[in-house]
Amino acid sequence: MAFEATLDGTDGLDAQKLAEGSAWRRFTRSNLGLILTPIFLVLFALFIYWYNISADKLSFDTEALDWDQKIKKQMLEMISITWKSTLLVIATAVPLGVILTRPNYRRYSGPILAVATSGQAMPAYGLIVLFFVWLGSGQDTTVWALAFFAVLPVLRNTIVGLDQVDQSVMEAGRGMGLTERQVLTKIELPLAVPVILAGVRTALVINVGMATLAFLIGGGGLGITISAGLKLDREIVLYTGTLLTALLALTVDWIGAIVEKVLRPRGL
Amino acid sequence: MTDDSAPKTMIHLDGVGKIYPGTDVPAVASLTLDIPEGEIVVLVGPSGCGKSTTLRLINRMIEPTSGRIIFDGDDVTGVNPDELRRRIGYVIQQIGLFPHQTIASNIATVPKLLGWSKSDINSRVDELLDMVGLEPGVFRDRYPKELSGGQAQRVGVARALGADPAVLLMDEPFGAIDPITRERLQNEFLRLQSELKKTIVFVTHDIDEAIKMGDRIAILGDQSRIAQFDTPERILAYPVDDFVDDFIGSGSTLKGLNFERVRDVDFDDYPVVRAGVGHTEARTTLAESSEQWLLVLDQADRPVRWVDETYLDSTDKPLIERGLPVKVTIEPQATLRDALEEMLLSSSGHVCVVDGKGAFQGVVGILTLTDVIDRMQTEAQEHYDQLREVS
């Protein structure tokens, strides 16, 4: 399990062999949630599977829920949309947050945060349609729309995370002759990582949920299955679509939690 | 008293001032000050007088708006401030250890910036941890949050000494530490300084800390104007104006006695007898002196009893069983402040000075102290009179 590998690598308790047993126990106790979540996720997936094979299905259902042709493809589209839009969010919001916390640009942070907030305040449906009018149909348009929608939590957390870094730590750094850039990369950003990552995790979950709307403008995703189930009033199709979306969101959140754990600087 | 032949000037501030944009009133008015090499100069003054700002002008954490800073002979007013700061250790009250780095990595900050080799850095880190009294094997790989306040401040000092800078700037370094730990850190730091001989500029608002730590003290008024810049002894003996007098507060004479040692004063001409002599002889000795009490020494020259007239009543009891016991003695390296304290406990109002083996050296009384205080004040006064004549 990849999880165990990261445990040894990051926890770095390169103490004696004897201590390993107790270190492992301490780790499991403080990370019980992280360890139990995958078990729950597997049970959840098995439940969806069982629900599918045990239900009576029309030929329409079988066709709509075909793994190779539909479901697998839609889930991969969801993952792809989520992944790309989240990367886009990080690539824009983190540098923007850094710039907006520099003394010279701080005064712009108010207006820019207002724009980012309006992005999130807008109905998701409307936002996707707006981007469709602007950029045309397809997955890429969805990626941009979602990125715009999810930029706020990352931007805000980047600003908050950088602002909460202890002034005296930065003062000491400057006083020892670190340049402004070194203070940013060696002190401010590492210390802001936990807060920034919390924002990224929020953005990830928002993006999974929003990705179900991608089908509206030809972006694919599980939204196709959900909407087919709704239109034709087929419970099995509707439920399978929504349950799989939930499974995907929970999995993504779990991965986010692990990334947070791994990237959090030691000593904090 | 400190030798007046001035050592080489390490930092020369020449009319340095700071006016923040948008204000007319300078935060620091034109300040001219020489920091001698190898000494601790304390900037002390009431809150808001600009002493921290002054300190930060020296390493250009705050850019001066006027004047020049001469550092070890070079004008550094225009050089790259980051490179300047790597040559100057910096310790602040909040310490500001990097919480995400180990103690070793914190201490290695400046050596890393200067591109030292890994092995040089490692041995330097261990040396510094040893120096500040932290076991390298235990503390090297810890994180700052695992340290107590006193330990963290030691690491702060070790980090500032990282690349062995000639100059240290310290901004209330012991200000946030409990009194007992603070006292211990101050003593340790003074011991360290007696070996390292760094040039140190030390900011505090506590006059007692200033007196304790400073080779010289600059008492600063509003906008960092220097009210008096001198050795602690002279400031205590001769505050130049009411501001300084108010600031050093009551008890300055008492504090001044800390700077004089018993070995440097003349002992009183005091009546002394051996334990073996008879009462008549003792009475004669006492009568010939102007003192109330007679000191009795045992065979090994150790002072044992204080005896006055009422005890010399011609009984057969040996002198060694008469009078009051000598409860306290001091050694020559004690300060006059210690001597005064012992006098208050002594039956005769005098204190016996003994050498390391307990053998009698002499007696010091309260009049000796008043003479010393008088002399210190006169000397300081003469010093300032001379200065006035010169200018």
# chains A, B, ... in the order shown; residues from 1 in each chain; ligands from 1
call {"tool": "closest_atom_pairs", "arguments": {"of": "chain A", "to": "chain B", "cutoff": "9 Å", "atoms": "only C-alpha atoms", "output": "tab-separated table"}}
result
residue	atom	partner	partner_atom	distance
A:Asp166	CA	B:Gly96	CA	7.9
A:Gln167	CA	B:Gly96	CA	8.2
A:Ser168	CA	B:Gly96	CA	4.9
A:Val169	CA	B:Gly96	CA	3.9
A:Met170	CA	B:Gly96	CA	7.3
A:Glu171	CA	B:Gly96	CA	7.3
A:Ala172	CA	B:Gly96	CA	5.5
A:Gly173	CA	B:Gly96	CA	7.9
A:Arg174	CA	B:Asp82	CA	7.6
A:Gly175	CA	B:Tyr90	CA	6.0
A:Met176	CA	B:Arg86	CA	5.5
A:Gly177	CA	B:Asp82	CA	4.3
A:Leu178	CA	B:Asp82	CA	6.3
A:Thr179	CA	B:Asp82	CA	6.1
A:Ile187	CA	B:Phe98	CA	7.2
A:Pro190	CA	B:His100	CA	7.6
A:Leu191	CA	B:His100	CA	7.1
A:Pro265	CA	B:His100	CA	5.8
A:Arg266	CA	B:His100	CA	5.7
A:Gly267	CA	B:His100	CA	4.8
A:Leu268	CA	B:His100	CA	5.9
call {"tool": "write_last_selection", "arguments": {"atoms": "C-alpha atoms", "output": "tab-separated table (two decimals), in the first residue's frame"}}
result
chain	number	residue	atom	x	y	z
A	166	ASP	CA	4.35	34.92	12.66
A	167	GLN	CA	5.82	38.36	11.91
A	168	SER	CA	8.71	37.74	14.29
A	169	VAL	CA	9.76	34.64	12.35
A	170	MET	CA	9.93	36.70	9.18
A	171	GLU	CA	11.68	39.54	11.00
A	172	ALA	CA	14.30	37.10	12.28
A	173	GLY	CA	14.74	35.75	8.76
A	174	ARG	CA	15.17	39.18	7.22
A	175	GLY	CA	17.46	40.17	10.08
A	176	MET	CA	19.80	37.28	9.30
A	177	GLY	CA	20.09	38.32	5.69
A	178	LEU	CA	17.53	36.19	3.87
A	179	THR	CA	16.34	38.05	0.79
A	187	ILE	CA	9.60	30.57	5.53
A	190	PRO	CA	6.17	26.31	3.92
A	191	LEU	CA	4.41	27.73	6.96
A	265	PRO	CA	5.93	20.62	7.36
A	266	ARG	CA	7.22	18.79	10.40
A	267	GLY	CA	7.56	20.79	13.54
A	268	LEU	CA	4.23	22.59	13.18
call {"tool": "residues_around", "arguments": {"residues": "Ile128 in chain A", "least_positions_apart": "2", "cutoff": "8 Å", "atoms": "only C-alpha atoms", "output": "mmCIF file with C-alpha atoms, in the first residue's frame"}}
result
data_model
loop_
_atom_site.group_PDB
_atom_site.id
_atom_site.type_symbol
_atom_site.label_atom_id
_atom_site.label_comp_id
_atom_site.auth_asym_id
_atom_site.auth_seq_id
_atom_site.Cartn_x
_atom_site.Cartn_y
_atom_site.Cartn_z
ATOM 1 C CA ALA A 124 -23.040 27.050 -10.965
ATOM 2 C CA TYR A 125 -25.484 26.334 -13.745
ATOM 3 C CA GLY A 126 -25.423 29.963 -14.920
ATOM 4 C CA LEU A 130 -21.845 31.779 -19.468
ATOM 5 C CA PHE A 131 -18.568 30.031 -20.199
ATOM 6 C CA PHE A 132 -20.312 27.989 -22.921
ATOM 7 C CA THR A 142 -16.011 23.030 -18.244
ATOM 8 C CA ALA A 145 -15.746 27.335 -15.620
ATOM 9 C CA LEU A 146 -15.019 25.057 -12.676
ATOM 10 C CA LEU A 213 -22.930 19.618 -14.601
ATOM 11 C CA ALA A 214 -20.355 19.261 -17.369
ATOM 12 C CA ILE A 217 -22.291 21.754 -22.433
#
call {"tool": "residues_around", "arguments": {"residues": "Ile226 in chain B", "least_positions_apart": "6", "cutoff": "12 Å", "atoms": "only C-alpha atoms", "output": "ChimeraX atom specification"}}
result
/B:15,28-34,42-45,49-51,54,217-220,240-241,243-244
call {"tool": "residues_around", "arguments": {"residues": "Thr285 in chain B", "least_positions_apart": "4", "cutoff": "12 Å", "atoms": "only C-alpha atoms", "output": "ChimeraX atom specification"}}
result
/B:270-274,277-281,289-296,307-309,312
call {"tool": "write_last_selection", "arguments": {"atoms": "C-alpha atoms", "output": "PDB file, in the first residue's frame"}}
result
ATOM      1  CA  TYR B 270      40.607  48.494  63.777  1.00  0.00           C
ATOM      2  CA  PRO B 271      41.505  47.214  67.282  1.00  0.00           C
ATOM      3  CA  VAL B 272      42.398  43.520  67.138  1.00  0.00           C
ATOM      4  CA  VAL B 273      43.641  41.097  69.806  1.00  0.00           C
ATOM      5  CA  ARG B 274      44.679  37.439  69.890  1.00  0.00           C
ATOM      6  CA  VAL B 277      45.540  37.816  75.809  1.00  0.00           C
ATOM      7  CA  GLY B 278      44.090  38.858  79.115  1.00  0.00           C
ATOM      8  CA  HIS B 279      41.206  41.225  79.734  1.00  0.00           C
ATOM      9  CA  THR B 280      43.367  44.091  80.913  1.00  0.00           C
ATOM     10  CA  GLU B 281      45.439  44.142  77.773  1.00  0.00           C
ATOM     11  CA  SER B 289      41.224  53.138  69.681  1.00  0.00           C
ATOM     12  CA  SER B 290      38.174  55.193  68.927  1.00  0.00           C
ATOM     13  CA  GLU B 291      36.016  52.132  68.214  1.00  0.00           C
ATOM     14  CA  GLN B 292      33.287  50.581  70.355  1.00  0.00           C
ATOM     15  CA  TRP B 293      34.211  47.018  69.574  1.00  0.00           C
ATOM     16  CA  LEU B 294      37.273  44.861  69.648  1.00  0.00           C
ATOM     17  CA  LEU B 295      37.883  42.001  67.269  1.00  0.00           C
ATOM     18  CA  VAL B 296      39.249  38.728  68.660  1.00  0.00           C
ATOM     19  CA  VAL B 307      33.869  42.097  72.205  1.00  0.00           C
ATOM     20  CA  ASP B 308      32.930  45.482  73.748  1.00  0.00           C
ATOM     21  CA  GLU B 309      33.659  47.070  77.083  1.00  0.00           C
ATOM     22  CA  LEU B 312      35.787  42.921  79.591  1.00  0.00           C
TER      23      LEU B 312
END
call {"tool": "select_by_dssp", "arguments": {"residues": "range 157-371 of chain B", "states": "strand (DSSP E)", "output": "ChimeraX atom specification"}}
result
/B:167-171,199-204,216-220,226-230,272-274,293-297,303-308,324-325,329-330,350-354,360-365
call {"tool": "write_last_selection", "arguments": {"atoms": "N, CA and C atoms", "output": "compact mmCIF listing (two decimals), in the first residue's frame"}}
result
# COMPACT_ATOMS: atom_id res chain seq x y z
N VAL B 167 29.69 41.39 15.14
CA VAL B 167 28.74 42.28 15.81
C VAL B 167 27.42 41.55 16.05
N LEU B 168 26.85 41.78 17.22
CA LEU B 168 25.52 41.22 17.54
C LEU B 168 24.59 42.38 17.87
N LEU B 169 23.38 42.33 17.33
CA LEU B 169 22.35 43.28 17.74
C LEU B 169 21.31 42.51 18.52
N MET B 170 20.99 42.97 19.71
CA MET B 170 20.05 42.23 20.54
C MET B 170 18.93 43.16 21.00
N ASP B 171 17.71 42.84 20.63
CA ASP B 171 16.55 43.68 20.94
C ASP B 171 15.75 43.05 22.07
N THR B 199 31.27 42.66 19.55
CA THR B 199 30.74 44.00 19.72
C THR B 199 29.22 43.87 19.74
N ILE B 200 28.60 44.32 20.82
CA ILE B 200 27.18 44.06 20.99
C ILE B 200 26.40 45.34 21.24
N VAL B 201 25.34 45.52 20.49
CA VAL B 201 24.40 46.60 20.80
C VAL B 201 23.15 45.94 21.35
N PHE B 202 22.78 46.35 22.54
CA PHE B 202 21.77 45.63 23.32
C PHE B 202 20.68 46.63 23.69
N VAL B 203 19.44 46.34 23.34
CA VAL B 203 18.34 47.26 23.66
C VAL B 203 17.54 46.69 24.82
N THR B 204 17.23 47.54 25.77
CA THR B 204 16.33 47.12 26.85
C THR B 204 15.62 48.35 27.41
N ARG B 216 29.02 50.00 28.43
CA ARG B 216 28.60 51.40 28.35
C ARG B 216 27.10 51.43 28.16
N ILE B 217 26.48 52.49 28.63
CA ILE B 217 25.04 52.63 28.51
C ILE B 217 24.74 53.95 27.82
N ALA B 218 23.85 53.89 26.83
CA ALA B 218 23.34 55.13 26.25
C ALA B 218 21.91 55.28 26.74
N ILE B 219 21.67 56.30 27.53
CA ILE B 219 20.29 56.55 27.98
C ILE B 219 19.64 57.47 26.95
N LEU B 220 18.56 56.97 26.35
CA LEU B 220 17.94 57.68 25.24
C LEU B 220 16.65 58.34 25.68
N ILE B 226 20.45 61.24 22.73
CA ILE B 226 21.24 60.66 23.82
C ILE B 226 21.26 61.62 25.00
N ALA B 227 20.71 61.17 26.12
CA ALA B 227 20.74 61.99 27.32
C ALA B 227 22.09 61.84 28.02
N GLN B 228 22.60 60.63 28.05
CA GLN B 228 23.92 60.38 28.64
C GLN B 228 24.47 59.08 28.05
N PHE B 229 25.75 59.10 27.72
CA PHE B 229 26.40 57.91 27.17
C PHE B 229 27.69 57.71 27.95
N ASP B 230 27.73 56.69 28.78
CA ASP B 230 28.91 56.52 29.62
C ASP B 230 28.91 55.12 30.23
N VAL B 272 42.42 44.97 67.28
CA VAL B 272 42.40 43.52 67.14
C VAL B 272 43.26 42.91 68.24
N VAL B 273 42.78 41.83 68.85
CA VAL B 273 43.64 41.10 69.81
C VAL B 273 43.60 39.61 69.52
N ARG B 274 44.65 38.90 69.99
CA ARG B 274 44.68 37.44 69.89
C ARG B 274 43.80 36.84 70.97
N TRP B 293 34.06 48.46 69.53
CA TRP B 293 34.21 47.02 69.57
C TRP B 293 35.65 46.61 69.31
N LEU B 294 35.94 45.43 69.81
CA LEU B 294 37.27 44.86 69.65
C LEU B 294 37.09 43.53 68.93
N LEU B 295 38.01 43.26 68.00
CA LEU B 295 37.88 42.00 67.27
C LEU B 295 38.88 40.99 67.82
N VAL B 296 38.37 39.76 68.11
CA VAL B 296 39.25 38.73 68.66
C VAL B 296 39.55 37.69 67.58
N LEU B 297 40.87 37.41 67.38
CA LEU B 297 41.27 36.41 66.40
C LEU B 297 41.71 35.15 67.12
N PRO B 303 38.99 35.58 62.43
CA PRO B 303 38.18 36.40 63.34
C PRO B 303 37.07 35.55 63.97
N VAL B 304 36.94 35.60 65.34
CA VAL B 304 35.94 34.74 65.98
C VAL B 304 34.91 35.50 66.81
N ARG B 305 35.34 36.58 67.52
CA ARG B 305 34.38 37.25 68.42
C ARG B 305 34.45 38.75 68.26
N TRP B 306 33.32 39.41 68.47
CA TRP B 306 33.26 40.85 68.68
C TRP B 306 33.09 41.06 70.17
N VAL B 307 33.94 41.88 70.76
CA VAL B 307 33.87 42.10 72.21
C VAL B 307 33.80 43.60 72.47
N ASP B 308 32.90 44.07 73.35
CA ASP B 308 32.93 45.48 73.75
C ASP B 308 33.19 45.58 75.26
N LEU B 324 30.23 38.61 71.26
CA LEU B 324 29.32 38.04 70.27
C LEU B 324 30.11 37.36 69.16
N PRO B 325 29.59 36.28 68.64
CA PRO B 325 30.34 35.57 67.59
C PRO B 325 30.40 36.39 66.29
N THR B 329 31.69 36.91 57.26
CA THR B 329 32.94 37.46 56.74
C THR B 329 32.80 37.52 55.22
N ILE B 330 33.61 38.33 54.59
CA ILE B 330 33.59 38.35 53.12
C ILE B 330 35.00 38.26 52.60
N HIS B 350 30.46 46.53 61.36
CA HIS B 350 31.63 46.38 60.51
C HIS B 350 31.66 44.96 59.97
N VAL B 351 32.36 44.76 58.87
CA VAL B 351 32.47 43.42 58.34
C VAL B 351 33.93 43.03 58.20
N CYS B 352 34.23 41.78 58.57
CA CYS B 352 35.61 41.31 58.49
C CYS B 352 35.90 40.77 57.10
N VAL B 353 37.06 41.16 56.58
CA VAL B 353 37.49 40.63 55.30
C VAL B 353 38.51 39.53 55.58
N VAL B 354 38.29 38.37 54.96
CA VAL B 354 39.21 37.25 55.17
C VAL B 354 39.68 36.73 53.83
N PHE B 360 42.36 36.57 58.74
CA PHE B 360 41.94 37.97 58.82
C PHE B 360 42.76 38.88 57.90
N GLN B 361 42.08 39.74 57.15
CA GLN B 361 42.75 40.69 56.28
C GLN B 361 42.53 42.12 56.76
N GLY B 362 41.35 42.40 57.25
CA GLY B 362 41.05 43.76 57.66
C GLY B 362 39.57 43.91 57.93
N VAL B 363 39.17 45.12 58.21
CA VAL B 363 37.78 45.39 58.55
C VAL B 363 37.29 46.55 57.69
N VAL B 364 36.06 46.43 57.22
CA VAL B 364 35.47 47.52 56.45
C VAL B 364 34.23 48.01 57.18
N GLY B 365 34.10 49.31 57.30
CA GLY B 365 32.94 49.89 57.96
C GLY B 365 32.16 50.79 57.03
call {"tool": "residues_around", "arguments": {"residues": "Gly241 in chain A", "least_positions_apart": "2", "cutoff": "9 Å", "atoms": "only C-alpha atoms", "output": "NGL selection string"}}
result
:A and (65 or 71 or 222-227 or 229 or 236-239 or 243-246)
call {"tool": "residues_around", "arguments": {"residues": "Arg263 in chain B", "least_positions_apart": "3", "cutoff": "9 Å", "atoms": "only C-alpha atoms", "output": "list in words"}}
result
Glu260, Asp266, Phe267, Glu331, Pro332, Gln333, Ala334, Thr335 and Val353 of chain B
call {"tool": "select_by_dssp", "arguments": {"residues": "range 59-282 of chain B", "states": "helix (DSSP H, G or I)", "output": "number ranges by chain"}}
result
B: 81-86, 103-107, 109-113, 118-131, 136-139, 144-146, 149-160, 179-196, 207-213, 222-224, 232-237, 242-248, 252-259, 262-264, 279-282
call {"tool": "atom_distance", "arguments": {"atom1": "CA of Glu342 in chain B", "atom2": "CA of Val328 in chain B"}}
result
6.5 Å
call {"tool": "atom_distance", "arguments": {"atom1": "CA of Ile206 in chain A", "atom2": "CA of Ala249 in chain A"}}
result
8.6 Å
call {"tool": "atom_distance", "arguments": {"atom1": "CA of Arg337 in chain B", "atom2": "CA of Tyr238 in chain B"}}
result
18.2 Å
call {"tool": "closest_residue", "arguments": {"among": "B:Leu192, B:Leu13, B:Ala210, B:Val265", "to": "Arg68 in chain B", "atoms": "only C-alpha atoms"}}
result
B:Leu13
call {"tool": "decode", "arguments": {"residues": "range 159-174 of chain A", "atoms": "N, CA and C atoms", "output": "CSV table (one decimal), in the first residue's frame"}}
result
chain,number,residue,atom,x,y,z
A,159,ILE,N,-4.0,33.7,1.0
A,159,ILE,CA,-3.8,35.0,1.6
A,159,ILE,C,-3.8,34.9,3.1
A,160,VAL,N,-4.8,34.1,3.6
A,160,VAL,CA,-4.9,33.9,5.1
A,160,VAL,C,-3.7,33.2,5.6
A,161,GLY,N,-3.3,32.1,4.9
A,161,GLY,CA,-2.2,31.3,5.3
A,161,GLY,C,-0.9,32.1,5.3
A,162,LEU,N,-0.7,33.0,4.4
A,162,LEU,CA,0.6,33.8,4.3
A,162,LEU,C,0.5,34.9,5.4
A,163,ASP,N,-0.7,35.4,5.6
A,163,ASP,CA,-0.9,36.5,6.6
A,163,ASP,C,-0.6,36.0,8.1
A,164,GLN,N,-1.0,34.7,8.3
A,164,GLN,CA,-0.9,34.2,9.7
A,164,GLN,C,0.5,33.8,10.1
A,165,VAL,N,1.4,33.9,9.1
A,165,VAL,CA,2.8,33.5,9.5
A,165,VAL,C,3.3,34.6,10.5
A,166,ASP,N,3.9,34.1,11.6
A,166,ASP,CA,4.3,34.9,12.7
A,166,ASP,C,5.3,36.0,12.1
A,167,GLN,N,5.0,37.3,12.4
A,167,GLN,CA,5.8,38.4,11.9
A,167,GLN,C,7.3,38.2,12.5
A,168,SER,N,7.4,37.8,13.7
A,168,SER,CA,8.7,37.7,14.3
A,168,SER,C,9.6,36.7,13.6
A,169,VAL,N,9.0,35.6,13.1
A,169,VAL,CA,9.8,34.6,12.3
A,169,VAL,C,10.3,35.3,11.1
A,170,MET,N,9.5,36.0,10.4
A,170,MET,CA,9.9,36.7,9.2
A,170,MET,C,11.0,37.8,9.5
A,171,GLU,N,10.7,38.5,10.6
A,171,GLU,CA,11.7,39.5,11.0
A,171,GLU,C,13.1,38.9,11.3
A,172,ALA,N,13.0,37.8,12.0
A,172,ALA,CA,14.3,37.1,12.3
A,172,ALA,C,15.0,36.7,11.0
A,173,GLY,N,14.2,36.2,10.0
A,173,GLY,CA,14.7,35.7,8.8
A,173,GLY,C,15.4,36.9,8.0
A,174,ARG,N,14.6,38.0,7.9
A,174,ARG,CA,15.2,39.2,7.2
A,174,ARG,C,16.4,39.7,7.9
